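What follows is a single structure, written as structure tokens, with notes after it.
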Amino acid sequence: MTVFSTESFADHEQVVFISDDRVQLRAIIAVHDTTLGSALGGCRMYPYADEASALRDVLRLSRGMTFKAAAAGLRLGGGKAVIIGDPHKDKTPELLRAMGVAIDRLGGRYITAEDVGTTVADFAWVREGTRHVVGLPEELGGTGDPSPTTALGVYHGIVAGVAHRLDRDLRGLTVAVQGLGNVGWSLCRLLVDAGARLVVSDIDAALARKVSAEFDAQVVDPDAIYAAQADVFAPCAMGAIVNDQTLPRMKFRVIAGGANNQLARDEHGKQLRDREILYAPDFVINAGGLIRVASERDGFDPAGVDLQVEAIGARLRRIFELSDRTSAPTQAAAMQLAQERLSGGNASNSTRVERVA
Ligand code: NAD
């Protein structure tokens, strides 16, 4: 296995390999960039086929966190951790505590949180080894479930996208929501309150029926959502849903949703632009949860968090305008702005709520 020549190694400040035989712990912590502050990112537990896959995953994800935090105007850098193992079989309190100790050795350069294969409850054990943890349950001094805050950011992003592309508000518009879990359900509530009509889909048919009853939404089959008659598409399930198969079927004017990695490939961003479908870059629009958990470090202020999350709308408007001026896809415009903030130097250049002109 190679490390420095791994494609995603690009510019990582520090990569730490952890081994603790007493508790069967094998893990990697990747600190990508701390220009703007400590590197924050979740700790994933997954039965990787081999060490190289684990390394690739942690490097790719930690780099993504750098741009997400920078785009969100946070004084945070990007990092991530992976534990190699099956969360259903290999996870023990001792292993989690040892992971906490390993994180603590980095002295706060890396701050951990829940991710795939780890739960909020697991972090009660991790916290015995380190205080550099966010996303804890309220009874442990955390901010609880971040999903409603993620949904709020997505809502502000949809409002911004609709204003930019259609020059109007949401009343009477139709929004197609894919995935009705923690983010999707909260988003449906906000959209209906704003006067939008809903078309929804979920692979869990019972959940879709519940949402239909609650919000008077039209339910369609999971595959039919891509061709739904709707002004806005809000993907809130899984990634890569804008791809060679789905894109030709889409007649939406705006795509703005909470799912991570919505574009299967970068070139789909350009294809969306060519088809005049306005795309709200995922790592900008879905940062509400990150903003919320990050606030735990400064003392959680719900009103302050809501203001920061509202600023996602303004930030997206700036991205849309840059994309219009330069003809770059919105995803590329968002990367450019995040990169500018990173190369602008230090966090003192940013205010707590970065207002975007
Ligand atoms: P969740 O697991 O609560 O909900 C996902 C829902 O999508 C489930 O109801 C599932 O049945 C449904 N689903 C899965 N495949 C589907 C398909 N093919 N078609 C339709 N529905 C499908 O997850 P969540 O916390 O609501 O997160 C949703 C997305 O947002 C994920 O991509 C997640 O990575 C991303 N995200 C979430 C947060 C957060 O705060 N929860 C923050 C940032 C990004």
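Convention: chains lettered A, B, ... in structure tokens order; per-chain residue numbering from 1; ligands numbered from 1 as shown.
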
Determine, for each residue of chain A having at least one atom at most 6 Å from an atom of ligand 1, the closest pair of atoms and their separation in Å to one decimal, counting only C-alpha atoms and all ligand atoms; order by chain and ascending number, as a tab-separated table.
residue	atom	partner	partner_atom_place_in_ligand_line	distance
A:Pro146	CA	ligand 1	40 (O)	4.7
A:Ser147	CA	ligand 1	40 (O)	3.5
A:Thr150	CA	ligand 1	40 (O)	4.9
A:Gln178	CA	ligand 1	20 (C)	5.0
A:Gly179	CA	ligand 1	7 (O)	3.5
A:Leu180	CA	ligand 1	9 (O)	4.7
A:Gly181	CA	ligand 1	4 (O)	3.2
A:Asn182	CA	ligand 1	26 (O)	3.7
A:Val183	CA	ligand 1	26 (O)	3.7
A:Gly184	CA	ligand 1	26 (O)	5.5
A:Ser201	CA	ligand 1	20 (C)	5.2
A:Asp202	CA	ligand 1	21 (N)	3.4
A:Ile203	CA	ligand 1	21 (N)	4.7
A:Asp204	CA	ligand 1	11 (O)	4.9
A:Pro222	CA	ligand 1	19 (N)	4.7
A:Cys236	CA	ligand 1	29 (C)	4.5
A:Ala237	CA	ligand 1	7 (O)	3.8
A:Met238	CA	ligand 1	32 (O)	4.3
A:Gly239	CA	ligand 1	32 (O)	6.0
A:Gly258	CA	ligand 1	30 (O)	4.5
A:Ala259	CA	ligand 1	32 (O)	3.5
A:Asn260	CA	ligand 1	32 (O)	4.7
A:Asn286	CA	ligand 1	43 (C)	5.0
A:Gly289	CA	ligand 1	40 (O)	4.6

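The shell of residues at most 12 Å from A:Asp266, with only C-alpha atoms counted and near chain neighbours (fewer than 2 positions) removed, consists of Ala240, Val242, Asn243, Asp244, Asn261, Gln262, Leu263, Ala264, His268, Gly269, Lys270, Gln271, Leu272, Arg273, Pro281, Ala328, Pro329, Thr330, Gln331, Ala332 and Met335 of chain A.
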
Skip stretch 40-50 of chain A itself and residues of its chain fewer than 2 positions away, then list as a PDB file with N, CA, C and O atoms, in the first residue's frame all residues within 7 Å of it, counting only C-alpha atoms.
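Once everything was written out, this is result.pdb:
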ATOM      1  N   SER A  38      -9.420  23.958  13.863  1.00  0.00           N
ATOM      2  CA  SER A  38      -9.289  22.516  14.083  1.00  0.00           C
ATOM      3  C   SER A  38     -10.079  21.743  13.026  1.00  0.00           C
ATOM      4  O   SER A  38     -11.104  22.217  12.536  1.00  0.00           O
ATOM      5  N   ALA A  52      -6.014  -0.332   2.265  1.00  0.00           N
ATOM      6  CA  ALA A  52      -5.942   0.684   1.220  1.00  0.00           C
ATOM      7  C   ALA A  52      -7.317   1.341   1.018  1.00  0.00           C
ATOM      8  O   ALA A  52      -7.420   2.555   0.821  1.00  0.00           O
ATOM      9  N   SER A  53      -8.391   0.542   1.088  1.00  0.00           N
ATOM     10  CA  SER A  53      -9.738   1.112   0.920  1.00  0.00           C
ATOM     11  C   SER A  53     -10.056   2.057   2.064  1.00  0.00           C
ATOM     12  O   SER A  53     -10.665   3.112   1.874  1.00  0.00           O
ATOM     13  N   ALA A  54      -9.650   1.662   3.270  1.00  0.00           N
ATOM     14  CA  ALA A  54      -9.901   2.531   4.433  1.00  0.00           C
ATOM     15  C   ALA A  54      -9.145   3.847   4.280  1.00  0.00           C
ATOM     16  O   ALA A  54      -9.689   4.923   4.542  1.00  0.00           O
ATOM     17  N   SER A  62     -12.001  13.449   4.374  1.00  0.00           N
ATOM     18  CA  SER A  62     -11.457  14.558   5.176  1.00  0.00           C
ATOM     19  C   SER A  62     -11.230  15.787   4.298  1.00  0.00           C
ATOM     20  O   SER A  62     -11.489  16.922   4.712  1.00  0.00           O
ATOM     21  N   MET A  65     -14.419  17.584   3.892  1.00  0.00           N
ATOM     22  CA  MET A  65     -14.825  18.364   5.075  1.00  0.00           C
ATOM     23  C   MET A  65     -14.154  19.736   5.093  1.00  0.00           C
ATOM     24  O   MET A  65     -14.724  20.704   5.585  1.00  0.00           O
ATOM     25  N   LEU A  76     -13.236  26.347  11.024  1.00  0.00           N
ATOM     26  CA  LEU A  76     -12.891  24.935  11.206  1.00  0.00           C
ATOM     27  C   LEU A  76     -12.189  24.418   9.961  1.00  0.00           C
ATOM     28  O   LEU A  76     -12.462  24.887   8.850  1.00  0.00           O
ATOM     29  N   GLY A  77     -11.339  23.431  10.172  1.00  0.00           N
ATOM     30  CA  GLY A  77     -10.708  22.763   9.052  1.00  0.00           C
ATOM     31  C   GLY A  77     -11.399  21.433   8.784  1.00  0.00           C
ATOM     32  O   GLY A  77     -12.467  21.139   9.332  1.00  0.00           O
ATOM     33  N   GLY A  78     -10.771  20.624   7.914  1.00  0.00           N
ATOM     34  CA  GLY A  78     -11.383  19.361   7.530  1.00  0.00           C
ATOM     35  C   GLY A  78     -10.584  18.170   8.008  1.00  0.00           C
ATOM     36  O   GLY A  78      -9.347  18.124   7.874  1.00  0.00           O
ATOM     37  N   GLY A  79     -11.288  17.191   8.555  1.00  0.00           N
ATOM     38  CA  GLY A  79     -10.647  15.952   8.979  1.00  0.00           C
ATOM     39  C   GLY A  79     -11.676  14.845   9.015  1.00  0.00           C
ATOM     40  O   GLY A  79     -12.875  15.084   8.819  1.00  0.00           O
ATOM     41  N   LYS A  80     -11.214  13.648   9.217  1.00  0.00           N
ATOM     42  CA  LYS A  80     -12.124  12.510   9.284  1.00  0.00           C
ATOM     43  C   LYS A  80     -11.368  11.369   9.955  1.00  0.00           C
ATOM     44  O   LYS A  80     -10.131  11.325   9.924  1.00  0.00           O
ATOM     45  N   ALA A  81     -12.110  10.411  10.515  1.00  0.00           N
ATOM     46  CA  ALA A  81     -11.478   9.218  11.076  1.00  0.00           C
ATOM     47  C   ALA A  81     -12.239   7.989  10.615  1.00  0.00           C
ATOM     48  O   ALA A  81     -13.456   8.060  10.402  1.00  0.00           O
ATOM     49  N   VAL A  82     -11.529   6.899  10.418  1.00  0.00           N
ATOM     50  CA  VAL A  82     -12.216   5.627  10.152  1.00  0.00           C
ATOM     51  C   VAL A  82     -11.676   4.553  11.096  1.00  0.00           C
ATOM     52  O   VAL A  82     -10.477   4.492  11.372  1.00  0.00           O
ATOM     53  N   ILE A  83     -12.595   3.746  11.593  1.00  0.00           N
ATOM     54  CA  ILE A  83     -12.220   2.558  12.370  1.00  0.00           C
ATOM     55  C   ILE A  83     -12.492   1.367  11.453  1.00  0.00           C
ATOM     56  O   ILE A  83     -13.590   1.249  10.884  1.00  0.00           O
ATOM     57  N   ILE A  84     -11.487   0.499  11.293  1.00  0.00           N
ATOM     58  CA  ILE A  84     -11.653  -0.655  10.410  1.00  0.00           C
ATOM     59  C   ILE A  84     -12.291  -1.776  11.230  1.00  0.00           C
ATOM     60  O   ILE A  84     -11.674  -2.317  12.154  1.00  0.00           O
ATOM     61  N   GLY A  85     -13.551  -2.100  10.901  1.00  0.00           N
ATOM     62  CA  GLY A  85     -14.229  -3.150  11.653  1.00  0.00           C
ATOM     63  C   GLY A  85     -15.716  -3.121  11.383  1.00  0.00           C
ATOM     64  O   GLY A  85     -16.241  -2.156  10.834  1.00  0.00           O
ATOM     65  N   ASP A  86     -16.380  -4.195  11.779  1.00  0.00           N
ATOM     66  CA  ASP A  86     -17.816  -4.302  11.581  1.00  0.00           C
ATOM     67  C   ASP A  86     -18.523  -3.696  12.797  1.00  0.00           C
ATOM     68  O   ASP A  86     -18.384  -4.219  13.913  1.00  0.00           O
ATOM     69  N   PRO A  87     -19.276  -2.623  12.597  1.00  0.00           N
ATOM     70  CA  PRO A  87     -19.897  -1.965  13.761  1.00  0.00           C
ATOM     71  C   PRO A  87     -20.870  -2.879  14.506  1.00  0.00           C
ATOM     72  O   PRO A  87     -21.119  -2.679  15.696  1.00  0.00           O
ATOM     73  N   TYR A 110      -7.862  17.517  15.740  1.00  0.00           N
ATOM     74  CA  TYR A 110      -8.983  16.805  15.122  1.00  0.00           C
ATOM     75  C   TYR A 110     -10.134  16.712  16.138  1.00  0.00           C
ATOM     76  O   TYR A 110      -9.911  16.333  17.296  1.00  0.00           O
ATOM     77  N   ILE A 111     -11.337  17.066  15.694  1.00  0.00           N
ATOM     78  CA  ILE A 111     -12.542  16.967  16.531  1.00  0.00           C
ATOM     79  C   ILE A 111     -13.465  15.959  15.869  1.00  0.00           C
ATOM     80  O   ILE A 111     -13.751  16.054  14.663  1.00  0.00           O
ATOM     81  N   THR A 112     -13.934  15.005  16.661  1.00  0.00           N
ATOM     82  CA  THR A 112     -14.697  13.915  16.074  1.00  0.00           C
ATOM     83  C   THR A 112     -16.200  14.093  16.271  1.00  0.00           C
ATOM     84  O   THR A 112     -16.661  14.946  17.037  1.00  0.00           O
ATOM     85  N   ALA A 113     -16.985  13.259  15.556  1.00  0.00           N
ATOM     86  CA  ALA A 113     -18.452  13.275  15.644  1.00  0.00           C
ATOM     87  C   ALA A 113     -18.969  11.956  15.070  1.00  0.00           C
ATOM     88  O   ALA A 113     -18.201  11.154  14.538  1.00  0.00           O
ATOM     89  N   GLU A 114     -20.269  11.795  15.154  1.00  0.00           N
ATOM     90  CA  GLU A 114     -20.928  10.578  14.668  1.00  0.00           C
ATOM     91  C   GLU A 114     -20.818  10.479  13.131  1.00  0.00           C
ATOM     92  O   GLU A 114     -20.737  11.491  12.448  1.00  0.00           O
ATOM     93  N   ASP A 115     -20.840   9.263  12.615  1.00  0.00           N
ATOM     94  CA  ASP A 115     -20.834   9.070  11.160  1.00  0.00           C
ATOM     95  C   ASP A 115     -21.427   7.686  10.872  1.00  0.00           C
ATOM     96  O   ASP A 115     -21.946   7.018  11.779  1.00  0.00           O
ATOM     97  N   VAL A 116     -21.309   7.237   9.627  1.00  0.00           N
ATOM     98  CA  VAL A 116     -21.795   5.909   9.263  1.00  0.00           C
ATOM     99  C   VAL A 116     -21.155   4.863  10.181  1.00  0.00           C
ATOM    100  O   VAL A 116     -19.934   4.844  10.350  1.00  0.00           O
ATOM    101  N   GLY A 117     -21.964   4.019  10.777  1.00  0.00           N
ATOM    102  CA  GLY A 117     -21.431   2.941  11.623  1.00  0.00           C
ATOM    103  C   GLY A 117     -21.155   3.340  13.061  1.00  0.00           C
ATOM    104  O   GLY A 117     -20.768   2.502  13.876  1.00  0.00           O
ATOM    105  N   THR A 118     -21.328   4.605  13.376  1.00  0.00           N
ATOM    106  CA  THR A 118     -21.212   5.022  14.783  1.00  0.00           C
ATOM    107  C   THR A 118     -22.485   5.779  15.142  1.00  0.00           C
ATOM    108  O   THR A 118     -23.130   6.375  14.285  1.00  0.00           O
TER     109      THR A 118
END

Per residue of stretch 49-168 of chain A within 6 Å of stretch 306-322 of chain A, which atom pair is closest and at what distance in Å (one decimal), using only C-alpha atoms, listed by chain and increasing number, as CSV?
residue,atom,partner,partner_atom,distance
A:Gly153,CA,A:Val309,CA,5.3
A:His156,CA,A:Gly313,CA,5.0
A:Gly157,CA,A:Gly313,CA,4.8
A:Ala160,CA,A:Gly313,CA,5.2

Go ahead and save the picked residues with N, CA and C atoms, as a compact mmCIF listing (two decimals), in the first residue's frame.
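Contents of selection01.txt, as written:
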# COMPACT_ATOMS: atom_id res chain seq x y z
N GLY A 153 -31.44 24.48 6.60
CA GLY A 153 -30.48 25.02 5.63
C GLY A 153 -30.90 24.69 4.21
N HIS A 156 -33.69 27.02 3.19
CA HIS A 156 -33.19 28.35 2.79
C HIS A 156 -32.53 28.28 1.41
N GLY A 157 -31.88 27.16 1.13
CA GLY A 157 -31.24 26.98 -0.18
C GLY A 157 -32.27 26.87 -1.30
N ALA A 160 -33.60 30.29 -2.00
CA ALA A 160 -32.61 31.07 -2.76
C ALA A 160 -32.59 30.62 -4.23

Please provide as a PyMOL selection string all residues within 12 Å of A:Thr143, with the sequence filter that same-chain residues fewer than 4 positions apart are discarded (counting only C-alpha atoms). chain A and resi 113+120+133-139+147-149+289-302+305

Please, could you write that set of residues out with N, CA, C and O atoms as a tab-separated table (two decimals), in the first residue's frame?
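Dumped to result-v3.tsv:
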chain	number	residue	atom	x	y	z
A	113	ALA	N	-16.99	13.26	15.56
A	113	ALA	CA	-18.45	13.27	15.64
A	113	ALA	C	-18.97	11.96	15.07
A	113	ALA	O	-18.20	11.15	14.54
A	120	VAL	N	-24.68	8.33	18.11
A	120	VAL	CA	-24.48	9.36	19.13
A	120	VAL	C	-24.16	8.70	20.47
A	120	VAL	O	-23.28	9.14	21.21
A	133	VAL	N	-14.99	16.10	21.07
A	133	VAL	CA	-16.13	15.41	20.47
A	133	VAL	C	-17.28	16.40	20.36
A	133	VAL	O	-17.53	17.15	21.30
A	134	VAL	N	-17.99	16.39	19.23
A	134	VAL	CA	-19.23	17.17	19.12
A	134	VAL	C	-20.35	16.26	18.60
A	134	VAL	O	-20.10	15.13	18.21
A	135	GLY	N	-21.57	16.78	18.62
A	135	GLY	CA	-22.71	15.99	18.15
A	135	GLY	C	-23.23	15.05	19.22
A	135	GLY	O	-23.82	14.01	18.91
A	136	LEU	N	-23.01	15.41	20.47
A	136	LEU	CA	-23.45	14.55	21.57
A	136	LEU	C	-24.94	14.76	21.86
A	136	LEU	O	-25.51	15.79	21.51
A	137	PRO	N	-25.56	13.76	22.53
A	137	PRO	CA	-26.96	13.97	22.92
A	137	PRO	C	-27.09	15.13	23.92
A	137	PRO	O	-26.12	15.47	24.61
A	138	GLU	N	-28.30	15.68	23.98
A	138	GLU	CA	-28.50	16.84	24.85
A	138	GLU	C	-28.15	16.54	26.30
A	138	GLU	O	-27.57	17.37	27.00
A	139	GLU	N	-28.45	15.30	26.75
A	139	GLU	CA	-28.19	14.99	28.17
A	139	GLU	C	-26.68	14.93	28.47
A	139	GLU	O	-26.27	14.98	29.63
A	147	SER	N	-30.41	16.82	12.24
A	147	SER	CA	-31.15	16.73	10.96
A	147	SER	C	-32.14	17.87	10.74
A	147	SER	O	-32.19	18.41	9.62
A	148	PRO	N	-32.94	18.28	11.74
A	148	PRO	CA	-33.86	19.41	11.47
A	148	PRO	C	-33.11	20.68	11.07
A	148	PRO	O	-33.61	21.47	10.27
A	149	THR	N	-31.90	20.86	11.59
A	149	THR	CA	-31.11	22.05	11.23
A	149	THR	C	-30.57	21.90	9.82
A	149	THR	O	-30.51	22.87	9.06
A	289	GLY	N	-26.37	20.98	9.60
A	289	GLY	CA	-26.06	20.08	10.72
A	289	GLY	C	-24.64	20.30	11.24
A	289	GLY	O	-24.40	20.31	12.45
A	290	LEU	N	-23.71	20.52	10.31
A	290	LEU	CA	-22.32	20.79	10.69
A	290	LEU	C	-22.25	22.09	11.50
A	290	LEU	O	-21.57	22.16	12.53
A	291	ILE	N	-22.97	23.10	11.03
A	291	ILE	CA	-22.99	24.39	11.75
A	291	ILE	C	-23.51	24.18	13.17
A	291	ILE	O	-22.96	24.71	14.14
A	292	ARG	N	-24.55	23.36	13.29
A	292	ARG	CA	-25.13	23.13	14.62
A	292	ARG	C	-24.16	22.41	15.55
A	292	ARG	O	-23.91	22.85	16.67
A	293	VAL	N	-23.56	21.30	15.08
A	293	VAL	CA	-22.68	20.55	15.99
A	293	VAL	C	-21.42	21.36	16.30
A	293	VAL	O	-20.91	21.31	17.43
A	294	ALA	N	-20.95	22.12	15.31
A	294	ALA	CA	-19.74	22.93	15.55
A	294	ALA	C	-19.99	23.95	16.65
A	294	ALA	O	-19.08	24.30	17.40
A	295	SER	N	-21.24	24.40	16.77
A	295	SER	CA	-21.55	25.44	17.75
A	295	SER	C	-21.41	24.93	19.19
A	295	SER	O	-21.33	25.72	20.12
A	296	GLU	N	-21.38	23.61	19.36
A	296	GLU	CA	-21.23	23.06	20.72
A	296	GLU	C	-19.96	23.54	21.38
A	296	GLU	O	-19.88	23.65	22.59
A	297	ARG	N	-18.97	23.86	20.59
A	297	ARG	CA	-17.67	24.24	21.15
A	297	ARG	C	-17.68	25.66	21.71
A	297	ARG	O	-16.93	25.99	22.60
A	298	ASP	N	-18.57	26.50	21.17
A	298	ASP	CA	-18.60	27.90	21.63
A	298	ASP	C	-19.75	28.15	22.59
A	298	ASP	O	-20.03	29.28	22.94
A	299	GLY	N	-20.47	27.09	22.96
A	299	GLY	CA	-21.67	27.28	23.77
A	299	GLY	C	-22.83	27.45	22.82
A	299	GLY	O	-22.92	28.44	22.10
A	300	PHE	N	-23.70	26.44	22.80
A	300	PHE	CA	-24.79	26.38	21.82
A	300	PHE	C	-25.75	27.56	21.99
A	300	PHE	O	-26.30	27.77	23.05
A	301	ASP	N	-25.92	28.32	20.91
A	301	ASP	CA	-26.84	29.46	20.92
A	301	ASP	C	-27.82	29.22	19.76
A	301	ASP	O	-27.49	29.49	18.59
A	302	PRO	N	-29.03	28.69	20.05
A	302	PRO	CA	-29.94	28.28	18.97
A	302	PRO	C	-30.24	29.41	17.99
A	302	PRO	O	-30.27	29.20	16.77
A	305	VAL	N	-27.26	29.95	15.75
A	305	VAL	CA	-27.15	28.87	14.77
A	305	VAL	C	-28.15	29.08	13.64
A	305	VAL	O	-27.82	28.96	12.46

DSSP helix (DSSP H, G or I) selection over stretch 114-309 of chain A, as a ChimeraX atom specification: /A:122-129,138-140,147-166,182-193,205-215,222-227,247-249,267-274,282-285,288-298,302-309

Straight-line distance linking atom CA of A:Cys188 with atom CA of A:Val220, stated in Å to one decimal: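 Here the two named atoms are 15.1 Å from each other.
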
Would you give me, as a tab-separated table, each residue of stretch 41-95 of chain A having an atom within 7 Å of an atom of stretch 6-12 of chain A, along with its shortest atom pair and that distance in Å to one decimal, using only C-alpha atoms and sorting by chain and residue number?
residue	atom	partner	partner_atom	distance
A:Arg56	CA	A:Ser8	CA	6.5
A:Leu59	CA	A:Ser8	CA	5.6
A:Arg60	CA	A:Ser8	CA	5.6

Assign secondary structure with DSSP using the backbone only, and return the residues of stretch 134-291 of chain A in strand (DSSP E) as a list in words. Thr174, Val175, Ala176, Val177, Gln178, Arg197, Leu198, Val199, Val200, Ser201, Gln218, Val219, Val232, Phe233, Ala234, Pro235, Val254, Ile255, Leu278 and Tyr279 of chain A

Which distance in Å separates atom CA of A:Lys210 and atom CA of A:Tyr155, to one decimal?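 Separation between atom CA of A:Lys210 and atom CA of A:Tyr155: 20.9 Å.
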
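Going from atom CA of A:Lys68 to atom CA of A:Val284 covers 6.4 Å.
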
Residue contacts of A:Leu95 (12 Å, only C-alpha atoms) excluding same-chain residues fewer than 2 positions away, as an mmCIF file with N, CA and C atoms, in the first residue's frame:
data_model
loop_
_atom_site.group_PDB
_atom_site.id
_atom_site.type_symbol
_atom_site.label_atom_id
_atom_site.label_comp_id
_atom_site.auth_asym_id
_atom_site.auth_seq_id
_atom_site.Cartn_x
_atom_site.Cartn_y
_atom_site.Cartn_z
ATOM 1 N N ILE A 18 -3.531 4.195 13.762
ATOM 2 C CA ILE A 18 -3.672 3.803 15.169
ATOM 3 C C ILE A 18 -3.861 2.303 15.274
ATOM 4 N N SER A 19 -3.120 1.724 16.197
ATOM 5 C CA SER A 19 -3.248 0.293 16.424
ATOM 6 C C SER A 19 -3.193 0.038 17.926
ATOM 7 N N ASP A 20 -4.178 -0.675 18.422
ATOM 8 C CA ASP A 20 -4.190 -1.016 19.854
ATOM 9 C C ASP A 20 -4.692 -2.456 19.980
ATOM 10 N N ASP A 21 -3.739 -3.386 20.098
ATOM 11 C CA ASP A 21 -4.085 -4.809 20.105
ATOM 12 C C ASP A 21 -4.958 -5.208 21.285
ATOM 13 N N ARG A 22 -4.804 -4.519 22.405
ATOM 14 C CA ARG A 22 -5.572 -4.884 23.608
ATOM 15 C C ARG A 22 -7.074 -4.869 23.310
ATOM 16 N N VAL A 23 -7.496 -3.903 22.453
ATOM 17 C CA VAL A 23 -8.933 -3.745 22.206
ATOM 18 C C VAL A 23 -9.285 -3.969 20.735
ATOM 19 N N GLN A 24 -8.328 -4.541 19.988
ATOM 20 C CA GLN A 24 -8.544 -4.838 18.548
ATOM 21 C C GLN A 24 -8.885 -3.579 17.747
ATOM 22 N N LEU A 25 -8.191 -2.495 18.055
ATOM 23 C CA LEU A 25 -8.467 -1.245 17.335
ATOM 24 C C LEU A 25 -7.469 -1.033 16.206
ATOM 25 N N ARG A 26 -7.996 -0.838 14.989
ATOM 26 C CA ARG A 26 -7.202 -0.389 13.847
ATOM 27 C C ARG A 26 -7.949 0.805 13.273
ATOM 28 N N ALA A 27 -7.303 1.934 13.221
ATOM 29 C CA ALA A 27 -8.014 3.134 12.768
ATOM 30 C C ALA A 27 -7.051 4.085 12.076
ATOM 31 N N MET A 45 -17.197 3.820 11.139
ATOM 32 C CA MET A 45 -16.731 2.442 11.393
ATOM 33 C C MET A 45 -17.299 1.560 10.296
ATOM 34 N N ILE A 83 -12.595 3.746 11.593
ATOM 35 C CA ILE A 83 -12.220 2.558 12.370
ATOM 36 C C ILE A 83 -12.492 1.367 11.453
ATOM 37 N N ILE A 84 -11.487 0.499 11.293
ATOM 38 C CA ILE A 84 -11.653 -0.655 10.410
ATOM 39 C C ILE A 84 -12.291 -1.776 11.230
ATOM 40 N N GLY A 85 -13.551 -2.100 10.901
ATOM 41 C CA GLY A 85 -14.229 -3.150 11.653
ATOM 42 C C GLY A 85 -15.716 -3.121 11.383
ATOM 43 N N PRO A 87 -19.276 -2.623 12.597
ATOM 44 C CA PRO A 87 -19.897 -1.965 13.761
ATOM 45 C C PRO A 87 -20.870 -2.879 14.506
ATOM 46 N N LYS A 89 -20.389 -6.142 14.989
ATOM 47 C CA LYS A 89 -19.707 -7.244 15.695
ATOM 48 C C LYS A 89 -18.517 -6.775 16.530
ATOM 49 N N ASP A 90 -17.810 -5.766 16.025
ATOM 50 C CA ASP A 90 -16.501 -5.437 16.604
ATOM 51 C C ASP A 90 -16.517 -4.239 17.550
ATOM 52 N N LYS A 91 -17.641 -3.574 17.656
ATOM 53 C CA LYS A 91 -17.662 -2.338 18.443
ATOM 54 C C LYS A 91 -17.837 -2.645 19.925
ATOM 55 N N THR A 92 -16.898 -2.177 20.736
ATOM 56 C CA THR A 92 -17.011 -2.378 22.190
ATOM 57 C C THR A 92 -16.744 -1.045 22.883
ATOM 58 N N PRO A 93 -17.211 -0.909 24.112
ATOM 59 C CA PRO A 93 -16.901 0.314 24.854
ATOM 60 C C PRO A 93 -15.390 0.544 24.955
ATOM 61 N N ARG A 97 -13.428 3.822 23.673
ATOM 62 C CA ARG A 97 -12.650 4.634 24.623
ATOM 63 C C ARG A 97 -11.209 4.794 24.121
ATOM 64 N N ALA A 98 -10.644 3.693 23.599
ATOM 65 C CA ALA A 98 -9.269 3.755 23.078
ATOM 66 C C ALA A 98 -9.192 4.696 21.874
ATOM 67 N N MET A 99 -10.243 4.714 21.059
ATOM 68 C CA MET A 99 -10.276 5.654 19.927
ATOM 69 C C MET A 99 -10.279 7.082 20.457
ATOM 70 N N GLY A 100 -11.020 7.296 21.528
ATOM 71 C CA GLY A 100 -11.036 8.624 22.158
ATOM 72 C C GLY A 100 -9.645 9.030 22.617
ATOM 73 N N VAL A 101 -8.931 8.111 23.230
ATOM 74 C CA VAL A 101 -7.566 8.409 23.702
ATOM 75 C C VAL A 101 -6.666 8.761 22.514
ATOM 76 N N ALA A 102 -6.821 8.013 21.427
ATOM 77 C CA ALA A 102 -5.997 8.289 20.237
ATOM 78 C C ALA A 102 -6.307 9.678 19.681
ATOM 79 N N ASP A 122 -22.555 5.980 21.052
ATOM 80 C CA ASP A 122 -21.155 5.503 21.083
ATOM 81 C C ASP A 122 -20.216 6.585 21.609
ATOM 82 N N PHE A 123 -20.593 7.834 21.351
ATOM 83 C CA PHE A 123 -19.663 8.905 21.690
ATOM 84 C C PHE A 123 -19.611 9.216 23.177
ATOM 85 N N TRP A 125 -18.814 6.860 25.098
ATOM 86 C CA TRP A 125 -17.574 6.100 25.396
ATOM 87 C C TRP A 125 -16.352 6.835 24.852
ATOM 88 N N VAL A 126 -16.464 7.316 23.627
ATOM 89 C CA VAL A 126 -15.331 8.045 23.028
ATOM 90 C C VAL A 126 -14.965 9.224 23.943
ATOM 91 N N GLU A 128 -15.009 9.469 27.000
ATOM 92 C CA GLU A 128 -14.206 9.115 28.188
ATOM 93 C C GLU A 128 -12.721 9.236 27.895
ATOM 94 N N GLY A 129 -12.373 9.189 26.586
ATOM 95 C CA GLY A 129 -10.962 9.306 26.215
ATOM 96 C C GLY A 129 -10.558 10.694 25.756
#
